[in-house]
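Student: File follows, start.txt with compact mmCIF, C-alpha atoms:
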# COMPACT_ATOMS: atom_id res chain seq x y z
CA MET L 18 48.38 28.88 41.27
CA GLY L 19 49.95 26.35 43.64
CA SER L 20 51.92 29.07 45.45
CA LEU L 21 48.71 31.09 46.02
CA LEU L 22 46.93 28.13 47.62
CA SER L 23 49.82 27.30 49.92
CA SER L 24 50.10 30.91 51.15
CA VAL L 25 46.66 30.75 52.93
CA ASP L 26 47.18 30.88 56.68
CA PRO L 27 45.85 27.60 58.21
CA TYR L 28 44.87 29.49 61.40
CA THR L 29 42.07 31.29 59.52
CA LYS L 30 40.21 27.94 59.41
CA LYS L 31 40.53 27.36 63.17
CA ASP L 32 38.58 28.46 66.23
CA TRP L 33 39.61 29.02 69.85
CA TYR L 34 37.79 27.19 72.65
CA ASP L 35 37.99 27.83 76.43
CA ILE L 36 39.17 24.93 78.61
CA LYS L 37 37.05 24.58 81.77
CA ALA L 38 38.49 22.71 84.77
CA PRO L 39 36.24 20.80 87.23
CA SER L 40 34.81 22.78 90.18
CA ILE L 41 37.12 20.98 92.68
CA PHE L 42 39.89 23.34 91.51
CA THR L 43 39.97 27.05 92.40
CA THR L 44 40.60 28.26 88.82
CA LYS L 45 37.89 27.26 86.33
CA ASN L 46 39.30 28.88 83.13
CA VAL L 47 42.65 27.22 82.58
CA GLY L 48 43.45 28.15 79.01
CA LYS L 49 42.42 27.91 75.37
CA THR L 50 42.75 25.28 72.66
CA LEU L 51 42.56 25.38 68.86
CA VAL L 52 40.51 23.20 66.53
CA THR L 53 39.68 23.29 62.81
CA ARG L 54 36.18 24.67 62.13
CA THR L 55 33.37 22.24 61.26
CA GLN L 56 33.70 21.37 57.57
CA GLY L 57 31.58 18.76 55.86
CA THR L 58 31.64 15.55 57.91
CA LYS L 59 34.52 16.75 60.11
CA ILE L 60 32.84 18.19 63.21
CA ALA L 61 34.91 20.52 65.41
CA SER L 62 33.54 19.20 68.74
CA GLU L 63 34.50 15.63 67.78
CA GLY L 64 38.08 16.80 67.18
CA LEU L 65 38.18 18.29 70.69
CA LYS L 66 36.74 15.37 72.64
CA HIS L 67 39.27 13.17 74.49
CA ARG L 68 42.09 15.71 74.14
CA VAL L 69 44.31 15.60 77.22
CA PHE L 70 45.67 18.83 78.73
CA GLU L 71 48.52 18.88 81.26
CA ILE L 72 48.27 21.77 83.74
CA SER L 73 50.32 22.63 86.81
CA LEU L 74 48.37 22.38 90.08
CA ALA L 75 49.85 25.78 91.02
CA ASP L 76 47.82 27.35 88.17
CA LEU L 77 44.67 25.41 89.05
CA GLN L 78 44.81 26.28 92.76
CA GLY L 79 46.57 29.66 92.63
CA ASP L 80 49.18 28.29 95.04
CA GLU L 81 52.87 28.38 94.08
CA ASP L 82 53.76 25.69 96.65
CA GLN L 83 51.90 23.13 94.48
CA CYS L 84 53.98 23.78 91.35
CA PHE L 85 55.60 20.30 91.37
CA ARG L 86 52.30 18.52 90.63
CA LYS L 87 51.06 18.16 87.08
CA ILE L 88 47.34 17.47 86.62
CA ARG L 89 46.03 15.86 83.43
CA LEU L 90 42.52 16.89 82.35
CA ARG L 91 40.65 15.18 79.51
CA ALA L 92 38.06 16.94 77.33
CA GLU L 93 34.76 15.11 77.83
CA ASP L 94 32.15 17.41 76.26
CA VAL L 95 31.86 20.66 74.26
CA GLN L 96 29.15 23.22 75.10
CA GLY L 97 29.22 26.32 72.92
CA ARG L 98 32.80 27.59 73.06
CA ASN L 99 33.53 25.80 76.35
CA VAL L 100 35.40 22.49 76.62
CA LEU L 101 34.34 20.65 79.80
CA THR L 102 37.14 18.50 81.21
CA ASN L 103 37.49 15.86 83.91
CA PHE L 104 40.45 14.55 85.92
CA TRP L 105 42.60 12.15 83.87
CA GLY L 106 45.72 11.59 85.97
CA MET L 107 48.46 13.22 88.00
CA ASP L 108 52.26 13.24 87.99
CA PHE L 109 55.26 14.89 89.63
CA THR L 110 57.75 17.13 87.85
CA THR L 111 61.12 15.47 87.28
CA ASP L 112 63.03 18.10 89.25
CA LYS L 113 60.88 17.51 92.36
CA LEU L 114 61.49 13.73 92.23
CA ARG L 115 65.23 14.26 91.76
CA SER L 116 65.34 16.67 94.72
CA LEU L 117 63.77 14.08 97.05
CA VAL L 118 66.33 11.34 96.37
CA ARG L 119 69.33 11.65 98.70
CA LYS L 120 72.13 9.52 100.13
CA TRP L 121 72.00 7.63 103.44
CA GLN L 122 68.28 6.87 103.30
CA THR L 123 66.00 4.16 101.89
CA LEU L 124 63.53 4.89 99.07
CA ILE L 125 60.32 2.85 99.33
CA GLU L 126 57.79 2.63 96.48
CA ALA L 127 54.47 0.84 96.08
CA HIS L 128 51.70 0.81 93.50
CA VAL L 129 48.18 -0.57 93.51
CA ASP L 130 45.14 -0.79 91.18
CA VAL L 131 41.91 0.45 92.75
CA LYS L 132 38.30 0.95 91.69
CA THR L 133 36.32 3.99 92.88
CA THR L 134 32.61 3.90 93.75
CA ASP L 135 31.78 5.49 90.33
CA ASN L 136 33.64 2.68 88.46
CA TYR L 137 36.91 4.40 87.55
CA THR L 138 39.89 2.03 87.65
CA LEU L 139 43.05 3.83 88.73
CA ARG L 140 46.67 2.90 89.38
CA LEU L 141 48.20 4.82 92.30
CA PHE L 142 51.96 5.09 92.81
CA CYS L 143 53.30 5.97 96.24
CA ILE L 144 56.83 7.08 97.20
CA ALA L 145 58.40 7.52 100.66
CA PHE L 146 61.80 7.96 102.28
CA THR L 147 63.13 6.88 105.67
CA LYS L 148 63.78 9.58 108.25
CA ARG L 149 66.29 10.05 111.07
CA ARG L 150 64.92 9.24 114.49
CA PRO L 151 65.09 11.97 117.18
CA ASN L 152 68.51 11.99 118.92
CA GLN L 153 69.93 9.57 116.33
CA VAL L 154 73.72 9.41 116.23
CA LYS L 155 74.13 7.03 113.30
CA ARG L 156 74.58 8.78 109.95
CA THR L 157 72.47 6.41 107.85
CA THR L 158 68.74 5.66 108.04
CA TYR L 159 68.49 2.40 106.13
CA ALA L 160 65.41 0.22 106.75
CA GLN L 161 65.68 -3.59 106.81
CA SER L 162 64.08 -5.52 103.95
CA SER L 163 61.42 -6.96 106.34
CA GLN L 164 60.51 -3.41 107.43
CA ILE L 165 60.33 -2.29 103.78
CA ARG L 166 57.91 -5.17 103.04
CA GLN L 167 55.73 -4.18 106.02
CA ILE L 168 55.70 -0.50 104.97
CA ARG L 169 54.83 -1.44 101.37
CA ARG L 170 51.95 -3.63 102.60
CA LYS L 171 50.67 -0.73 104.75
CA MET L 172 50.92 1.68 101.80
CA ARG L 173 48.83 -0.59 99.56
CA GLU L 174 46.26 -1.16 102.30
CA ILE L 175 45.75 2.59 102.94
CA MET L 176 45.63 3.44 99.21
CA VAL L 177 42.98 0.78 98.56
CA ASN L 178 40.88 1.85 101.58
CA GLN L 179 41.03 5.53 100.69
CA ALA L 180 40.30 5.13 96.97
CA SER L 181 37.66 2.38 97.00
CA SER L 182 35.46 4.16 99.56
CA CYS L 183 34.75 7.31 97.49
CA ASP L 184 34.11 8.57 93.94
CA LEU L 185 36.70 10.19 91.64
CA LYS L 186 35.76 13.76 92.63
CA GLU L 187 36.29 13.03 96.35
CA LEU L 188 39.53 11.16 95.62
CA VAL L 189 41.01 14.14 93.74
CA LYS L 190 40.12 16.30 96.77
CA LYS L 191 42.32 13.92 98.83
CA PHE L 192 45.23 14.19 96.35
CA ILE L 193 45.42 18.00 96.48
CA PRO L 194 46.30 18.38 100.21
CA GLU L 195 48.19 15.01 100.18
CA SER L 196 45.97 13.55 102.94
CA ILE L 197 46.71 9.94 101.85
CA GLY L 198 50.49 10.52 102.17
CA LYS L 199 50.03 11.99 105.65
CA GLU L 200 47.96 8.99 106.73
CA ILE L 201 50.62 6.55 105.45
CA GLU L 202 53.30 8.54 107.33
CA LYS L 203 51.27 8.34 110.54
CA ALA L 204 50.46 4.61 110.16
CA THR L 205 54.08 3.54 109.53
CA THR L 206 55.83 5.38 112.40
CA GLY L 207 55.78 2.16 114.45
CA ILE L 208 57.65 0.26 111.71
CA TYR L 209 60.16 2.96 110.64
CA PRO L 210 59.70 6.77 110.63
CA LEU L 211 59.10 8.14 107.12
CA GLN L 212 59.32 11.55 105.43
CA ASN L 213 58.30 12.99 102.02
CA VAL L 214 55.45 10.50 101.61
CA TYR L 215 53.55 11.30 98.40
CA ILE L 216 51.13 9.81 95.91
CA ARG L 217 53.55 10.68 93.11
CA LYS L 218 51.53 9.43 90.15
CA VAL L 219 47.94 8.53 89.27
CA LYS L 220 46.94 6.78 86.04
CA ILE L 221 43.36 6.17 84.92
CA LEU L 222 43.29 2.69 83.42
CA LYS L 223 39.55 2.41 82.73
CA ALA L 224 36.74 4.97 82.79
CA PRO L 225 32.99 4.23 82.86
CA LYS L 226 30.68 5.06 79.95
CA PHE L 227 30.28 8.83 79.42
CA ASP L 228 27.46 10.33 81.50
CA LEU L 229 26.62 14.03 80.93
CA GLY L 230 24.75 14.30 84.25
CA LYS L 231 27.84 13.14 86.17
CA LEU L 232 30.06 15.57 84.23
CA MET L 233 27.73 18.50 85.02
CA GLU L 234 27.90 17.55 88.73
CA VAL L 235 31.72 17.75 88.55
CA HIS L 236 31.46 21.19 86.88
CA ASP L 237 28.74 22.46 89.26
CA THR L 238 27.88 25.64 87.31
CA SER L 239 25.60 26.99 90.07
CA GLU L 240 28.51 29.10 91.44
CA ASP L 241 28.81 31.10 88.21
CA VAL L 242 25.18 32.29 88.27
CA GLY L 243 24.77 35.85 89.60
CA VAL L 244 22.94 36.29 92.90
CA LYS L 245 20.25 38.97 93.17
CA MET L 246 21.40 41.55 95.69
CA GLU L 247 19.22 43.94 97.69
CA ARG L 248 20.11 47.60 97.30
CA PRO L 249 20.84 49.36 100.61
CA ALA L 250 17.95 51.60 101.75
CA ASP L 251 20.09 54.75 102.15
CA GLU L 252 21.40 54.41 98.58
CA THR L 253 17.80 54.28 97.25
CA MET L 254 16.94 57.39 99.28
CA VAL L 255 19.90 59.35 97.88
CA GLU L 256 18.96 58.37 94.30
CA GLY L 257 15.31 59.37 94.94
CA GLU L 258 16.35 62.80 96.24
CA ALA L 259 18.64 63.34 93.24
CA ALA L 260 15.75 62.52 90.87
CA GLU L 261 13.49 65.03 92.64
CA ILE L 262 16.11 67.79 92.28
CA VAL L 263 16.71 67.03 88.61
CA GLY L 264 12.99 66.90 87.78
CA ALA L 265 12.07 69.98 89.86
CA ALA L 266 10.42 72.79 87.92
CA PRO L 267 12.16 76.24 88.05
CA ALA L 268 10.61 78.61 90.63
Could the structure of this file be written out as structure tokens, please?

Tutor:
Amino acid sequence: MGSLLSSVDPYTKKDWYDIKAPSIFTTKNVGKTLVTRTQGTKIASEGLKHRVFEISLADLQGDEDQCFRKIRLRAEDVQGRNVLTNFWGMDFTTDKLRSLVRKWQTLIEAHVDVKTTDNYTLRLFCIAFTKRRPNQVKRTTYAQSSQIRQIRRKMREIMVNQASSCDLKELVKKFIPESIGKEIEKATTGIYPLQNVYIRKVKILKAPKFDLGKLMEVHDTSEDVGVKMERPADETMVEGEAAEIVGAAPA
């Protein structure tokens, strides 16, 4: 009897749900996830909520050049067979970080805690490397400790300004094209020229209370609704003529 019970496939009691990414990303359907069917007091949707999925930005944007970024999405709500997610952090792949570190240059890192306008508390980590000046003869590009302190201060200042002036949705839009890194690079050229400036990691420390209205704004489903299209006049004419021929009585 015991052997019969144990031979039941556990997957027969599970259902597949579609993972929906926020509308800021090009790809909306990013995959599927399994959960045990509702049984007694154990509700399936409760088992799905707050699950965290790690997806490559290359898959979300359909751009292979972004493959070194990993985006974390957290399940916030379940509607039918769809799991609606929201941004829950970002990271770099290990191989990308290793490829950036080289000899004869200075690595500069800074991190800061910021609060967005919609009350998300995030920790941003920035990384940068010193660059050879044009026509430089010297082999090394080491920055002095006073210059490093100045660059770090500038990094924190720009990260705070950029993150505290917008909501989470707008901030994620800044992460994708690396606009914050480019601004830091531009602002620090007077101190020491930098290269490979990235926001390498984003952690969400504290999220506001769940609001379905805000989540629906992030998922902006209006794009998925079909638009009524007018049929071209000539096409209607051709169809009308065909109908006449078909319905014509024999002479």

Student: Per residue of range 61-167 of chain L within 12 Å of range 25-32 of chain L, note the shortest atom pair and the distance in Å to one decimal, counting only C-alpha atoms, and order the rows by chain and increasing residue number, as a tab-separated table.

Tutor:
residue	atom	partner	partner_atom	distance
L:Ala61	CA	L:Asp32	CA	8.8
L:Ser62	CA	L:Asp32	CA	10.8
L:Gly64	CA	L:Lys31	CA	11.6
L:Leu65	CA	L:Asp32	CA	11.1
L:Gly97	CA	L:Asp32	CA	11.7
L:Arg98	CA	L:Asp32	CA	9.0
L:Asn99	CA	L:Asp32	CA	11.6

Student: Between L:Ala38, L:Arg140, L:Lys49, L:Lys223, which one has atoms that come closest to Leu90 in chain L, using only C-alpha atoms?

Tutor: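 Result for the nearest residue to Leu90 in chain L: L:Ala38.
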
Student: Which residues are near Asn213 in chain L? Cut-off 10 Å, only C-alpha atoms, ignore same chain within fewer than 2 positions. Put them as a ChimeraX atom specification.

Tutor: /L:117-118,144-148,198-199,202,211,215-216

Student: Would you pick out the contacts of Pro225 in chain L at 10 Å or less, using all atoms listed in the file, so that residues sharing its chain but fewer than 2 positions from it are not included, and give the list as a PyMOL selection string?

Tutor: chain L and resi 135-138+223+227-228

Student: Please determine an axis-aligned box that encloses all atoms of range 77-92 of chain L listed in the file, with 6 Å added on each side, and express its centre and edge lengths in Å to one decimal as JSON.

Tutor:
{"center_x": 46.8, "center_y": 22.4, "center_z": 87.0, "size_x": 29.5, "size_y": 26.5, "size_z": 31.3}

Student: What is the CA of Lys132 in chain L to CA of Glu234 in chain L distance in Å?

Tutor: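 Going from CA of Lys132 in chain L over to CA of Glu234 in chain L, I get 19.8 Å.
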
Student: Find the nearest atom pair between each residue of range 97-155 of chain L and range 72-85 of chain L for residues within 10 Å, count all atoms listed in the file, give distances in Å to one decimal, sort rows by chain and ascending number, and present the table as CSV.

Tutor:
residue,atom,partner,partner_atom,distance
L:Met107,CA,L:Leu74,CA,9.4
L:Asp108,CA,L:Phe85,CA,8.5
L:Phe109,CA,L:Phe85,CA,5.7
L:Thr110,CA,L:Phe85,CA,5.2
L:Thr111,CA,L:Phe85,CA,8.4
L:Asp112,CA,L:Phe85,CA,8.0
L:Lys113,CA,L:Phe85,CA,6.1
L:Leu114,CA,L:Phe85,CA,8.9

Student: Would you mind reading off the distance between CA of Met233 in chain L and CA of Leu101 in chain L, one decimal, in Å?

Tutor: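 A separation of 8.7 Å between them.
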
Student: Pick the closest to Lys203 in chain L from L:Val69, L:Ile168, L:Val154, L:Leu188: which is it, counting all atoms listed in the file?

Tutor: L:Ile168

Student: Here is a test: counting only C-alpha atoms, which residue of L:Met172, L:Ile125, L:Ile36, L:Cys143 is nearest to Arg91 in chain L?

Tutor: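 Once distances to Arg91 in chain L are computed over only C-alpha atoms, the minimum belongs to L:Ile36.
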
Student: Give the answer as one residue: which of L:Trp121, L:Tyr159, L:Phe142, L:Trp105 has the shortest atom-to-atom distance to Glu71 in chain L, using only C-alpha atoms?

Tutor: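 For Glu71 in chain L, the nearest of the candidates is L:Trp105.
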
Student: Separation of CA of Ser181 in chain L and CA of Thr133 in chain L, in Å?

Tutor: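 Spanning CA of Ser181 in chain L to CA of Thr133 in chain L is a straight-line distance of 4.6 Å.
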
Student: Please list as an NGL selection string every residue within 9 Å of Met176 in chain L, counting only C-alpha atoms and excluding residues in the same chain fewer than 5 positions away.

Tutor: :L and (128-129 or 131 or 141 or 143 or 171 or 181 or 197 or 201)
